[in-house]
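Data block for model_24.pdb (PDB, C-alpha atoms):
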```pdb
MODEL        1
ATOM      1  CA  MET I   1      72.644  82.479 105.152
ATOM      2  CA  SER I   2      74.766  85.412 103.967
ATOM      3  CA  GLU I   3      76.944  85.198 100.883
ATOM      4  CA  ILE I   4      80.703  85.035 101.327
ATOM      5  CA  MET I   5      83.678  86.568  99.549
ATOM      6  CA  ARG I   6      87.439  86.778  99.825
ATOM      7  CA  ALA I   7      88.981  89.630 101.822
ATOM      8  CA  VAL I   8      92.321  90.453 103.405
ATOM      9  CA  GLU I   9      92.391  90.021 107.170
ATOM     10  CA  VAL I  10      95.020  90.268 109.912
ATOM     11  CA  LYS I  11      95.762  87.155 111.969
ATOM     12  CA  GLY I  12      95.000  87.926 115.589
ATOM     13  CA  GLY I  13      93.558  91.325 114.696
ATOM     14  CA  LYS I  14      96.923  93.080 114.513
ATOM     15  CA  GLY I  15     100.506  92.311 113.582
ATOM     16  CA  ASN I  16     103.346  92.706 111.120
ATOM     17  CA  ALA I  17     102.917  92.451 107.371
ATOM     18  CA  ASP I  18     103.263  88.673 107.487
ATOM     19  CA  ALA I  19     100.064  88.520 109.551
ATOM     20  CA  LEU I  20      98.039  89.486 106.472
ATOM     21  CA  PHE I  21      96.136  86.735 104.674
ATOM     22  CA  ILE I  22      93.172  86.324 102.325
ATOM     23  CA  ASN I  23      90.168  84.857 104.120
ATOM     24  CA  PRO I  24      87.928  83.048 101.596
ATOM     25  CA  LYS I  25      84.954  82.997 103.959
ATOM     26  CA  THR I  26      84.410  86.674 104.728
ATOM     27  CA  PRO I  27      80.751  87.793 104.748
ATOM     28  CA  LYS I  28      79.917  89.700 101.573
ATOM     29  CA  PRO I  29      78.507  93.197 102.249
ATOM     30  CA  VAL I  30      74.859  93.949 101.511
ATOM     31  CA  PRO I  31      74.063  97.496 100.340
ATOM     32  CA  LYS I  32      72.081  99.626 102.765
ATOM     33  CA  GLU I  33      69.965 102.640 101.880
ATOM     34  CA  ASN I  34      71.898 105.043  99.586
ATOM     35  CA  GLU I  35      74.672 102.480  99.130
ATOM     36  CA  VAL I  36      76.012 100.318  96.344
ATOM     37  CA  VAL I  37      78.272  97.290  96.507
ATOM     38  CA  VAL I  38      81.264  97.522  94.187
ATOM     39  CA  ARG I  39      83.112  94.527  92.746
ATOM     40  CA  VAL I  40      86.696  95.593  93.438
ATOM     41  CA  LYS I  41      89.226  95.298  90.632
ATOM     42  CA  ALA I  42      92.076  97.227  92.268
ATOM     43  CA  PHE I  43      92.801  98.978  95.565
ATOM     44  CA  GLY I  44      95.475 101.360  96.800
ATOM     45  CA  ILE I  45      97.902 100.815  99.684
ATOM     46  CA  ASN I  46      98.209 103.668 102.189
ATOM     47  CA  ARG I  47     100.196 104.401 105.346
ATOM     48  CA  MET I  48      96.945 104.424 107.291
ATOM     49  CA  ASP I  49      96.500 100.746 106.393
ATOM     50  CA  ILE I  50      99.816  99.904 108.044
ATOM     51  CA  ILE I  51      98.954 101.909 111.145
ATOM     52  CA  GLN I  52      95.612 100.104 111.418
ATOM     53  CA  ARG I  53      97.228  96.719 110.747
ATOM     54  CA  ASN I  54      99.586  97.372 113.662
ATOM     55  CA  GLY I  55      96.611  97.988 115.947
ATOM     56  CA  LEU I  56      97.369 101.688 116.376
ATOM     57  CA  TYR I  57      94.229 103.057 114.724
ATOM     58  CA  THR I  58      90.558 102.329 115.347
ATOM     59  CA  PRO I  59      88.287 102.712 112.289
ATOM     60  CA  PRO I  60      85.432 105.245 112.509
ATOM     61  CA  LEU I  61      82.204 104.060 114.108
ATOM     62  CA  GLY I  62      80.285 101.869 111.692
ATOM     63  CA  ALA I  63      83.195 101.420 109.282
ATOM     64  CA  SER I  64      84.391  98.013 108.131
ATOM     65  CA  SER I  65      87.267  96.590 110.154
ATOM     66  CA  THR I  66      88.773  95.295 106.897
ATOM     67  CA  LEU I  67      91.666  97.396 105.625
ATOM     68  CA  GLY I  68      91.429  99.545 102.518
ATOM     69  CA  LEU I  69      90.387 103.139 101.829
ATOM     70  CA  GLU I  70      90.300 103.418  98.027
ATOM     71  CA  TYR I  71      89.152 101.179  95.213
ATOM     72  CA  SER I  72      88.170 100.932  91.574
ATOM     73  CA  GLY I  73      85.715  98.445  90.105
ATOM     74  CA  THR I  74      82.162  97.949  88.872
ATOM     75  CA  ILE I  75      78.812  98.258  90.622
ATOM     76  CA  ALA I  76      77.564  94.792  91.569
ATOM     77  CA  SER I  77      74.349  95.668  93.434
ATOM     78  CA  LEU I  78      72.333  98.697  94.519
ATOM     79  CA  GLY I  79      70.598  99.451  97.792
ATOM     80  CA  SER I  80      67.328 101.334  98.145
ATOM     81  CA  ASP I  81      67.393 105.006  97.097
ATOM     82  CA  ALA I  82      70.773 104.526  95.430
ATOM     83  CA  GLY I  83      69.686 107.029  92.790
ATOM     84  CA  ASP I  84      68.706 106.858  89.146
ATOM     85  CA  GLY I  85      72.176 107.810  87.936
ATOM     86  CA  TRP I  86      73.804 104.462  88.712
ATOM     87  CA  LYS I  87      73.293 100.947  87.410
ATOM     88  CA  ILE I  88      74.869  97.529  87.797
ATOM     89  CA  GLY I  89      78.021  97.278  85.700
ATOM     90  CA  ASP I  90      78.975 100.968  85.901
ATOM     91  CA  SER I  91      82.730 101.504  86.264
ATOM     92  CA  VAL I  92      83.404 103.572  89.379
ATOM     93  CA  PHE I  93      86.092 104.473  91.879
ATOM     94  CA  GLY I  94      86.205 106.343  95.140
ATOM     95  CA  LEU I  95      87.011 106.622  98.801
ATOM     96  CA  ALA I  96      85.764 104.102 101.365
ATOM     97  CA  TYR I  97      85.667 104.327 105.150
ATOM     98  CA  GLY I  98      87.217 100.847 105.090
ATOM     99  CA  GLY I  99      86.818  97.448 103.491
ATOM    100  CA  ALA I 100      88.486  97.948 100.097
ATOM    101  CA  TYR I 101      90.959  95.050 100.571
ATOM    102  CA  ALA I 102      88.237  92.687  99.385
ATOM    103  CA  GLU I 103      86.350  91.344  96.398
ATOM    104  CA  TYR I 104      83.397  93.581  97.283
ATOM    105  CA  VAL I 105      83.023  96.833  99.219
ATOM    106  CA  ALA I 106      79.878  98.738 100.249
ATOM    107  CA  VAL I 107      80.023 102.521  99.773
ATOM    108  CA  ASN I 108      77.627 105.460  99.862
ATOM    109  CA  VAL I 109      76.587 106.728  96.429
ATOM    110  CA  LYS I 110      77.737 110.232  97.395
ATOM    111  CA  SER I 111      81.321 108.957  97.413
ATOM    112  CA  LEU I 112      81.209 107.418  93.921
ATOM    113  CA  ILE I 113      83.057 108.840  90.933
ATOM    114  CA  ARG I 114      82.412 107.553  87.436
ATOM    115  CA  LYS I 115      85.650 106.147  86.014
ATOM    116  CA  PRO I 116      86.654 107.663  82.667
ATOM    117  CA  ALA I 117      87.359 105.046  80.007
ATOM    118  CA  SER I 118      90.806 106.572  79.552
ATOM    119  CA  LEU I 119      91.863 105.556  83.086
ATOM    120  CA  THR I 120      92.719 101.994  84.064
ATOM    121  CA  ASP I 121      91.449 100.562  87.340
ATOM    122  CA  VAL I 122      95.019 100.688  88.660
ATOM    123  CA  GLU I 123      95.236 104.410  87.889
ATOM    124  CA  ALA I 124      91.757 105.202  89.187
ATOM    125  CA  CYS I 125      92.157 103.439  92.535
ATOM    126  CA  SER I 126      95.373 105.360  93.169
ATOM    127  CA  LEU I 127      93.551 108.713  93.164
ATOM    128  CA  PRO I 128      91.008 109.016  96.015
ATOM    129  CA  GLN I 129      92.983 108.914  99.266
ATOM    130  CA  THR I 130      96.108 110.662  97.998
ATOM    131  CA  TRP I 131      94.606 113.370  95.817
ATOM    132  CA  MET I 132      91.729 114.108  98.177
ATOM    133  CA  THR I 133      94.162 114.385 101.095
ATOM    134  CA  ALA I 134      96.323 116.797  99.104
ATOM    135  CA  ALA I 135      93.330 118.822  97.909
ATOM    136  CA  GLN I 136      91.933 118.967 101.436
ATOM    137  CA  ALA I 137      95.223 120.250 102.831
ATOM    138  CA  LEU I 138      95.612 122.893 100.134
ATOM    139  CA  HIS I 139      92.071 124.189  99.835
ATOM    140  CA  MET I 140      90.123 123.296 102.981
ATOM    141  CA  VAL I 141      92.786 123.361 105.694
ATOM    142  CA  LEU I 142      95.205 126.103 104.636
ATOM    143  CA  ASN I 143      93.258 127.827 101.827
ATOM    144  CA  VAL I 144      96.331 128.376  99.685
ATOM    145  CA  ASP I 145      96.507 131.709  97.845
ATOM    146  CA  LYS I 146      98.001 132.241  94.398
ATOM    147  CA  GLY I 147     101.519 133.587  94.194
ATOM    148  CA  LYS I 148     102.667 132.003  97.461
ATOM    149  CA  THR I 149     105.319 129.366  98.201
ATOM    150  CA  CYS I 150     104.744 125.791  99.379
ATOM    151  CA  LEU I 151     106.844 123.039 100.974
ATOM    152  CA  TRP I 152     105.716 119.413 100.778
ATOM    153  CA  HIS I 153     107.502 116.936 103.018
ATOM    154  CA  ALA I 154     107.500 113.298 101.828
ATOM    155  CA  GLY I 155     107.456 114.768  98.351
ATOM    156  CA  ALA I 156     107.848 111.412  96.582
ATOM    157  CA  SER I 157     104.899 109.824  98.393
ATOM    158  CA  GLY I 158     101.534 109.513  96.698
ATOM    159  CA  VAL I 159     100.149 112.511  98.578
ATOM    160  CA  GLY I 160     103.338 114.505  98.057
ATOM    161  CA  ILE I 161     103.281 113.936  94.303
ATOM    162  CA  ALA I 162      99.620 114.968  94.193
ATOM    163  CA  GLY I 163     100.247 117.976  96.413
ATOM    164  CA  ILE I 164     103.123 119.330  94.338
ATOM    165  CA  GLN I 165     101.004 119.194  91.185
ATOM    166  CA  LEU I 166      97.914 120.682  92.832
ATOM    167  CA  ALA I 167      99.973 123.489  94.353
ATOM    168  CA  ARG I 168     101.142 124.325  90.840
ATOM    169  CA  LEU I 169      97.567 124.162  89.573
ATOM    170  CA  ALA I 170      96.502 126.508  92.390
ATOM    171  CA  GLY I 171      99.024 129.104  91.222
ATOM    172  CA  ALA I 172     101.867 128.660  93.707
ATOM    173  CA  ASN I 173     104.852 130.859  92.934
ATOM    174  CA  ALA I 174     107.313 128.133  93.968
ATOM    175  CA  VAL I 175     106.979 124.593  95.296
ATOM    176  CA  TYR I 176     109.692 122.868  97.339
ATOM    177  CA  ALA I 177     109.873 119.314  98.666
ATOM    178  CA  THR I 178     111.910 116.922 100.788
ATOM    179  CA  ALA I 179     112.579 113.258 100.030
ATOM    180  CA  GLY I 180     114.885 110.481 101.199
ATOM    181  CA  THR I 181     117.075 109.819  98.133
ATOM    182  CA  ASP I 182     118.728 111.854  95.404
ATOM    183  CA  GLU I 183     116.799 109.816  92.835
ATOM    184  CA  LYS I 184     113.483 110.790  94.403
ATOM    185  CA  CYS I 185     114.534 114.436  94.557
ATOM    186  CA  ASP I 186     115.539 114.373  90.891
ATOM    187  CA  TYR I 187     112.251 112.724  89.955
ATOM    188  CA  ILE I 188     109.968 115.200  91.675
ATOM    189  CA  THR I 189     111.828 118.167  90.208
ATOM    190  CA  SER I 190     112.230 116.847  86.656
ATOM    191  CA  ARG I 191     108.928 114.955  86.324
ATOM    192  CA  ILE I 192     106.468 116.324  88.882
ATOM    193  CA  GLY I 193     107.173 120.045  88.861
ATOM    194  CA  ALA I 194     108.836 120.945  92.159
ATOM    195  CA  ASP I 195     111.211 123.899  91.872
ATOM    196  CA  ALA I 196     113.704 122.215  94.185
ATOM    197  CA  ALA I 197     113.806 119.094  96.341
ATOM    198  CA  PHE I 198     116.180 118.343  99.186
ATOM    199  CA  ASN I 199     117.493 115.001 100.438
ATOM    200  CA  TYR I 200     116.763 115.051 104.158
ATOM    201  CA  LYS I 201     119.335 112.304 104.757
ATOM    202  CA  THR I 202     122.294 114.115 103.200
ATOM    203  CA  GLN I 203     121.317 117.800 103.163
ATOM    204  CA  ASP I 204     120.357 120.353 105.778
ATOM    205  CA  TRP I 205     116.976 121.100 104.243
ATOM    206  CA  VAL I 206     116.342 123.961 106.660
ATOM    207  CA  GLU I 207     119.373 125.845 105.360
ATOM    208  CA  GLU I 208     118.569 124.866 101.772
ATOM    209  CA  ILE I 209     115.042 126.276 102.068
ATOM    210  CA  LYS I 210     116.357 129.489 103.584
ATOM    211  CA  ARG I 211     118.871 129.804 100.772
ATOM    212  CA  ALA I 212     116.279 129.080  98.083
ATOM    213  CA  THR I 213     113.866 131.682  99.470
ATOM    214  CA  GLY I 214     116.399 134.382 100.281
ATOM    215  CA  ASN I 215     115.773 133.765 103.998
ATOM    216  CA  LEU I 216     112.089 134.633 103.589
ATOM    217  CA  GLY I 217     110.905 131.067 104.241
ATOM    218  CA  VAL I 218     107.830 129.375 102.785
ATOM    219  CA  ASP I 219     104.212 130.426 103.166
ATOM    220  CA  TYR I 220     102.631 126.971 103.401
ATOM    221  CA  ILE I 221     104.144 123.783 104.842
ATOM    222  CA  PHE I 222     102.531 120.350 104.516
ATOM    223  CA  ASP I 223     104.016 117.911 107.015
ATOM    224  CA  PHE I 224     103.578 114.164 107.484
ATOM    225  CA  ILE I 225     106.632 113.699 109.716
ATOM    226  CA  GLY I 226     105.592 115.345 112.972
ATOM    227  CA  GLN I 227     108.016 115.088 115.871
ATOM    228  CA  ASP I 228     111.344 115.365 114.042
ATOM    229  CA  TYR I 229     110.225 118.265 111.840
ATOM    230  CA  PHE I 230     108.114 120.418 114.157
ATOM    231  CA  GLN I 231     110.913 122.737 115.265
ATOM    232  CA  LYS I 232     112.458 122.796 111.796
ATOM    233  CA  ASN I 233     109.151 123.785 110.231
ATOM    234  CA  LEU I 234     109.009 126.796 112.537
ATOM    235  CA  GLU I 235     112.475 127.753 111.304
ATOM    236  CA  VAL I 236     111.552 127.727 107.607
ATOM    237  CA  ALA I 237     108.018 129.138 107.843
ATOM    238  CA  ALA I 238     107.623 132.621 106.414
ATOM    239  CA  GLN I 239     106.203 135.531 108.378
ATOM    240  CA  GLY I 240     102.469 134.865 108.660
ATOM    241  CA  GLY I 241     102.969 131.338 107.351
ATOM    242  CA  SER I 242     100.797 128.282 107.897
ATOM    243  CA  ILE I 243     101.665 124.660 108.702
ATOM    244  CA  ALA I 244      99.364 121.678 108.115
ATOM    245  CA  ILE I 245     100.186 118.568 110.152
ATOM    246  CA  LEU I 246      98.784 115.565 108.294
ATOM    247  CA  ALA I 247     100.543 112.609 109.967
ATOM    248  CA  PHE I 248     103.169 111.676 112.578
ATOM    249  CA  LEU I 249     105.566 109.329 110.788
ATOM    250  CA  SER I 250     108.381 110.139 113.237
ATOM    251  CA  GLY I 251     106.131 110.303 116.299
ATOM    252  CA  SER I 252     103.781 112.781 117.935
ATOM    253  CA  LYS I 253     105.816 113.821 120.998
ATOM    254  CA  ILE I 254     107.378 117.230 120.423
ATOM    255  CA  PRO I 255     110.954 117.312 121.757
ATOM    256  CA  ASP I 256     112.211 120.185 123.873
ATOM    257  CA  GLY I 257     112.439 123.242 121.681
ATOM    258  CA  ASP I 258     111.665 126.899 121.224
ATOM    259  CA  VAL I 259     108.144 127.619 119.993
ATOM    260  CA  SER I 260     108.525 131.389 120.254
ATOM    261  CA  LYS I 261     108.481 131.668 116.455
ATOM    262  CA  LEU I 262     104.797 130.738 116.559
ATOM    263  CA  LEU I 263     104.249 134.102 118.206
ATOM    264  CA  TYR I 264     106.885 136.283 116.581
ATOM    265  CA  LYS I 265     106.215 135.025 113.048
ATOM    266  CA  HIS I 266     102.423 135.038 113.542
ATOM    267  CA  LEU I 267     102.244 131.413 112.433
ATOM    268  CA  THR I 268      99.200 129.176 112.141
ATOM    269  CA  VAL I 269      99.425 125.424 112.796
ATOM    270  CA  LYS I 270      96.507 123.169 111.885
ATOM    271  CA  GLY I 271      96.044 119.421 112.080
ATOM    272  CA  SER I 272      93.777 117.472 109.796
ATOM    273  CA  SER I 273      92.880 113.944 108.737
ATOM    274  CA  LEU I 274      90.533 112.677 106.046
ATOM    275  CA  ARG I 275      89.164 109.315 107.174
ATOM    276  CA  GLY I 276      87.405 110.600 110.267
ATOM    277  CA  ARG I 277      85.544 113.320 108.350
ATOM    278  CA  ASP I 278      81.815 112.965 107.816
ATOM    279  CA  LEU I 279      80.273 112.118 104.456
ATOM    280  CA  ALA I 280      79.246 115.711 103.705
ATOM    281  CA  TYR I 281      82.846 116.880 104.108
ATOM    282  CA  GLN I 282      84.240 114.004 102.053
ATOM    283  CA  SER I 283      81.623 114.664  99.365
ATOM    284  CA  GLN I 284      83.061 118.143  98.846
ATOM    285  CA  LEU I 285      86.439 116.562  98.177
ATOM    286  CA  ARG I 286      84.831 113.952  95.945
ATOM    287  CA  ASP I 287      83.426 116.810  93.829
ATOM    288  CA  ARG I 288      86.814 118.497  93.689
ATOM    289  CA  LEU I 289      88.543 115.280  92.621
ATOM    290  CA  GLU I 290      85.923 114.760  89.925
ATOM    291  CA  SER I 291      86.627 118.283  88.652
ATOM    292  CA  TYR I 292      90.257 117.244  88.073
ATOM    293  CA  MET I 293      89.281 114.406  85.690
ATOM    294  CA  PRO I 294      89.721 116.460  82.483
ATOM    295  CA  ALA I 295      93.227 117.433  83.636
ATOM    296  CA  PHE I 296      94.090 113.774  84.265
ATOM    297  CA  GLU I 297      92.723 112.766  80.878
ATOM    298  CA  LYS I 298      94.710 115.499  79.098
ATOM    299  CA  GLY I 299      97.867 114.672  81.034
ATOM    300  CA  ASP I 300      98.052 118.052  82.767
ATOM    301  CA  LEU I 301      97.933 116.156  86.063
ATOM    302  CA  ARG I 302      99.992 112.979  86.237
ATOM    303  CA  ILE I 303      99.055 109.755  88.009
ATOM    304  CA  ILE I 304     102.237 108.081  89.242
ATOM    305  CA  VAL I 305     101.971 104.394  90.110
ATOM    306  CA  ASP I 306     105.229 102.962  91.426
ATOM    307  CA  LYS I 307     104.405  99.257  91.655
ATOM    308  CA  VAL I 308     101.458  96.912  91.163
ATOM    309  CA  PHE I 309     101.061  93.677  93.154
ATOM    310  CA  PRO I 310      98.473  90.930  92.718
ATOM    311  CA  TRP I 311      96.532  90.919  95.960
ATOM    312  CA  GLU I 312      97.783  87.419  96.699
ATOM    313  CA  GLU I 313     101.081  89.247  97.403
ATOM    314  CA  ILE I 314      99.552  91.637  99.941
ATOM    315  CA  VAL I 315     102.328  90.836 102.435
ATOM    316  CA  GLY I 316     104.947  91.964  99.918
ATOM    317  CA  ALA I 317     102.948  95.095  99.105
ATOM    318  CA  HIS I 318     102.920  96.164 102.766
ATOM    319  CA  GLU I 319     106.596  95.337 103.206
ATOM    320  CA  TYR I 320     107.404  97.393 100.111
ATOM    321  CA  MET I 321     105.586 100.428 101.501
ATOM    322  CA  GLU I 322     107.238 100.026 104.905
ATOM    323  CA  ALA I 323     110.658 100.041 103.198
ATOM    324  CA  ALA I 324     109.766 103.514 101.809
ATOM    325  CA  ASN I 325     111.343 102.762  98.443
ATOM    326  CA  ASN I 326     108.360 103.867  96.394
ATOM    327  CA  THR I 327     107.950 106.991  94.309
ATOM    328  CA  GLY I 328     104.196 107.255  93.868
ATOM    329  CA  LYS I 329     101.396 104.818  94.592
ATOM    330  CA  ILE I 330     101.451 101.122  95.441
ATOM    331  CA  VAL I 331      98.421  99.254  94.123
ATOM    332  CA  CYS I 332      97.009  95.725  94.383
ATOM    333  CA  THR I 333      94.856  94.098  91.712
ATOM    334  CA  VAL I 334      92.097  91.681  92.701
ATOM    335  CA  SER I 335      91.892  88.465  90.688
TER     336      SER I 335
ENDMDL
END
```

How does the structure come out when it is put into structure tokens?
Amino acid sequence: MSEIMRAVEVKGGKGNADALFINPKTPKPVPKENEVVVRVKAFGINRMDIIQRNGLYTPPLGASSTLGLEYSGTIASLGSDAGDGWKIGDSVFGLAYGGAYAEYVAVNVKSLIRKPASLTDVEACSLPQTWMTAAQALHMVLNVDKGKTCLWHAGASGVGIAGIQLARLAGANAVYATAGTDEKCDYITSRIGADAAFNYKTQDWVEEIKRATGNLGVDYIFDFIGQDYFQKNLEVAAQGGSIAILAFLSGSKIPDGDVSKLLYKHLTVKGSSLRGRDLAYQSQLRDRLESYMPAFEKGDLRIIVDKVFPWEEIVGAHEYMEAANNTGKIVCTVS
């Protein structure tokens, strides 16, 4: 008979936030070859979790159906060929293909990152999905060059905050952002390092970007919005610019518009996601995130956690993210 654990599940398989509950009789994972099982101490909340909870996303083949893409904790057991570098009790964090909303999660050793003692579990679990998504967009999707300009939409989100800082680290000449409140705009300019941020609810950010760049536009655009911003992104892209589409928060159906600027501006549009990538691809990002650890420890890169919930309040954590009031990460701790 298999061991059991507690894990967050969705009543009926999909539903609103209030369908989430902790099932005390979930089968505990057993590590396979090249895997370890981690005792989860904290996990991050991501938009992808909400999309999956609503039944609008199917996890990759072989992935756990339990929500959760990032975690921090300690190694509880090791599978065969897990490597000599790891032992039970090691503090680790990383990206999971699913299953992090639980007391235990099984992950491949190639995805593990050793947690520095200077980082708390709350801080560590807030890094993998957001910072790896931002790093992927900057360095593996658009290959950002030094001395160029960047625009991050959803600039106060976890990925936006990571992206602004990593764009600076990569040598961007100027970094712009959009956000939904004046307070968020002030925060990401005064605390995160954006040169300017524009309130998309009260400002015409297209005109503001044109004004800020002397009508030259921006070289790299990172977009999570999709439908509502597609045409506007074409307007503010610089000659020879590139656009990375990372999500469709406003929908994926492009309204009637003029796409001629794709041709006349010689623009490049790429789409990318992280969860569906194979382990070899994700391992490259794992290595890049690990290389940032000294910068996190010195404070050159800032980890911004907006709010921490005990996982017994998982419903409230999802509702808080859906309200879009956060600046930075939302995290749950596991008792």

Run the PyMOL selection byres ((chain I and resi 3) around 8) on the file and write out the hits as an MDAnalysis selection string.
-> chainID I and resid 1:2 4:5 27:28

Output for the residues just chosen: C-alpha atoms as a tab-separated table (two decimals), in the frame of the given file:
```
chain	number	residue	atom	x	y	z
I	1	MET	CA	72.64	82.48	105.15
I	2	SER	CA	74.77	85.41	103.97
I	4	ILE	CA	80.70	85.04	101.33
I	5	MET	CA	83.68	86.57	99.55
I	27	PRO	CA	80.75	87.79	104.75
I	28	LYS	CA	79.92	89.70	101.57
```

Find the residues near stretch 287-291 of chain I: any atom within 7 Å, counting all atoms listed in the file, skip ones fewer than 3 places away on the same chain, and give them as a PyMOL selection string.
-> chain I and resi 113+132+283-284

Neighbourhood query: residues within 6 Å of (105.7, 117.1, 97.8), file coordinates, counting all atoms listed in the file; return as an MDAnalysis selection string.
-> chainID I and resid 152:155 160:161 163:164 177

Using all atoms listed in the file, find each residue of stretch 164-219 of chain I with at least one atom at most 12 Å away from an atom of stretch 252-276 of chain I; report its shortest atom-to-atom pair and that distance in Å (one decimal), sort the rows by chain and rising residue number, and return the result as CSV.
```
residue,atom,partner,partner_atom,distance
I:Leu216,CA,I:Lys265,CA,11.1
I:Gly217,CA,I:Lys265,CA,10.7
I:Val218,CA,I:Leu267,CA,11.3
I:Asp219,CA,I:Leu267,CA,9.5
```

Work out how far apart atom CA of I:Lys298 and atom CA of I:Ser118 are and give it in Å to one decimal.
->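 Distance reported for this atom pair: 9.8 Å.
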
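For the atom pair formed by atom CA of I:Cys185 and atom CA of I:Ala156, the distance is 7.6 Å, given to one decimal.
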
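The residues that lie within 6 Å of the point (113.3, 114.9, 105.3), counting all atoms listed in the file, are Thr178, Ala179 and Tyr200 of chain I.
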
If you apply the PyMOL selection byres ((chain I and resi 84-99) around 9) to this file, what residues do you get, as a PyMOL selection string?
-> chain I and resi 7-8+36+38+59-60+62-78+81-83+100-102+104-109+111-117+121+124-125+127-129+132+275-276+282+286

Across I:Ser157, I:Asn46, I:Gln136, I:Ser126, the smallest distance to I:Tyr281, with all atoms listed in the file counted, is shown by I:Gln136

For the structure provided, state which residues fall under the PyMOL selection byres ((chain I and resi 48-52) around 9), and present them as a ChimeraX atom specification.
-> /I:14,16-17,45-47,53-59,67-69,318,321-322

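Across the model, the gap from atom CA of I:Asn233 to atom CA of I:Thr213 is 14.2 Å.
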
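Residues in contact with I:Ser335 at 8 Å, where all atoms listed in the file are counted and same-chain residues fewer than 3 positions away are skipped, are listed as Lys41, Pro310 and Trp311 of chain I.
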
Pick from I:Val159, I:Ile243, I:Ala174, I:Leu20, whichever lies nearest to I:Ala134 using all atoms listed in the file = I:Val159

Hey, could you patch up stretch 232-247 of chain I with N, CA and C atoms and hand it over as a JSON list (two decimals), keeping the file's coordinate frame?
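part-v8.json was written with the following content:
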```
[["chain", "number", "residue", "atom", "x", "y", "z"],
["I", 232, "LYS", "N", 111.88, 122.38, 113.07],
["I", 232, "LYS", "CA", 112.46, 122.80, 111.80],
["I", 232, "LYS", "C", 111.44, 123.53, 110.93],
["I", 233, "ASN", "N", 110.19, 123.09, 110.98],
["I", 233, "ASN", "CA", 109.15, 123.78, 110.23],
["I", 233, "ASN", "C", 108.98, 125.22, 110.71],
["I", 234, "LEU", "N", 109.09, 125.43, 112.01],
["I", 234, "LEU", "CA", 109.01, 126.80, 112.54],
["I", 234, "LEU", "C", 110.15, 127.65, 112.00],
["I", 235, "GLU", "N", 111.31, 127.02, 111.80],
["I", 235, "GLU", "CA", 112.48, 127.75, 111.30],
["I", 235, "GLU", "C", 112.28, 128.23, 109.87],
["I", 236, "VAL", "N", 111.64, 127.40, 109.04],
["I", 236, "VAL", "CA", 111.55, 127.73, 107.61],
["I", 236, "VAL", "C", 110.22, 128.37, 107.23],
["I", 237, "ALA", "N", 109.30, 128.49, 108.16],
["I", 237, "ALA", "CA", 108.02, 129.14, 107.84],
["I", 237, "ALA", "C", 108.22, 130.64, 107.65],
["I", 238, "ALA", "N", 107.55, 131.19, 106.67],
["I", 238, "ALA", "CA", 107.62, 132.62, 106.41],
["I", 238, "ALA", "C", 106.79, 133.39, 107.44],
["I", 239, "GLN", "N", 107.02, 134.68, 107.52],
["I", 239, "GLN", "CA", 106.20, 135.53, 108.38],
["I", 239, "GLN", "C", 104.73, 135.38, 107.98],
["I", 240, "GLY", "N", 103.88, 135.07, 108.95],
["I", 240, "GLY", "CA", 102.47, 134.86, 108.66],
["I", 240, "GLY", "C", 102.17, 133.54, 108.00],
["I", 241, "GLY", "N", 103.12, 132.62, 108.03],
["I", 241, "GLY", "CA", 102.97, 131.34, 107.35],
["I", 241, "GLY", "C", 102.04, 130.38, 108.06],
["I", 242, "SER", "N", 101.71, 129.29, 107.36],
["I", 242, "SER", "CA", 100.80, 128.28, 107.90],
["I", 242, "SER", "C", 101.39, 126.89, 107.73],
["I", 243, "ILE", "N", 101.15, 126.03, 108.71],
["I", 243, "ILE", "CA", 101.66, 124.66, 108.70],
["I", 243, "ILE", "C", 100.49, 123.70, 108.89],
["I", 244, "ALA", "N", 100.38, 122.73, 107.98],
["I", 244, "ALA", "CA", 99.36, 121.68, 108.12],
["I", 244, "ALA", "C", 100.05, 120.39, 108.54],
["I", 245, "ILE", "N", 99.65, 119.84, 109.68],
["I", 245, "ILE", "CA", 100.19, 118.57, 110.15],
["I", 245, "ILE", "C", 99.20, 117.48, 109.75],
["I", 246, "LEU", "N", 99.66, 116.57, 108.89],
["I", 246, "LEU", "CA", 98.78, 115.56, 108.29],
["I", 246, "LEU", "C", 99.06, 114.15, 108.78],
["I", 247, "ALA", "N", 100.20, 113.93, 109.44],
["I", 247, "ALA", "CA", 100.54, 112.61, 109.97],
["I", 247, "ALA", "C", 101.71, 112.77, 110.93]]
```
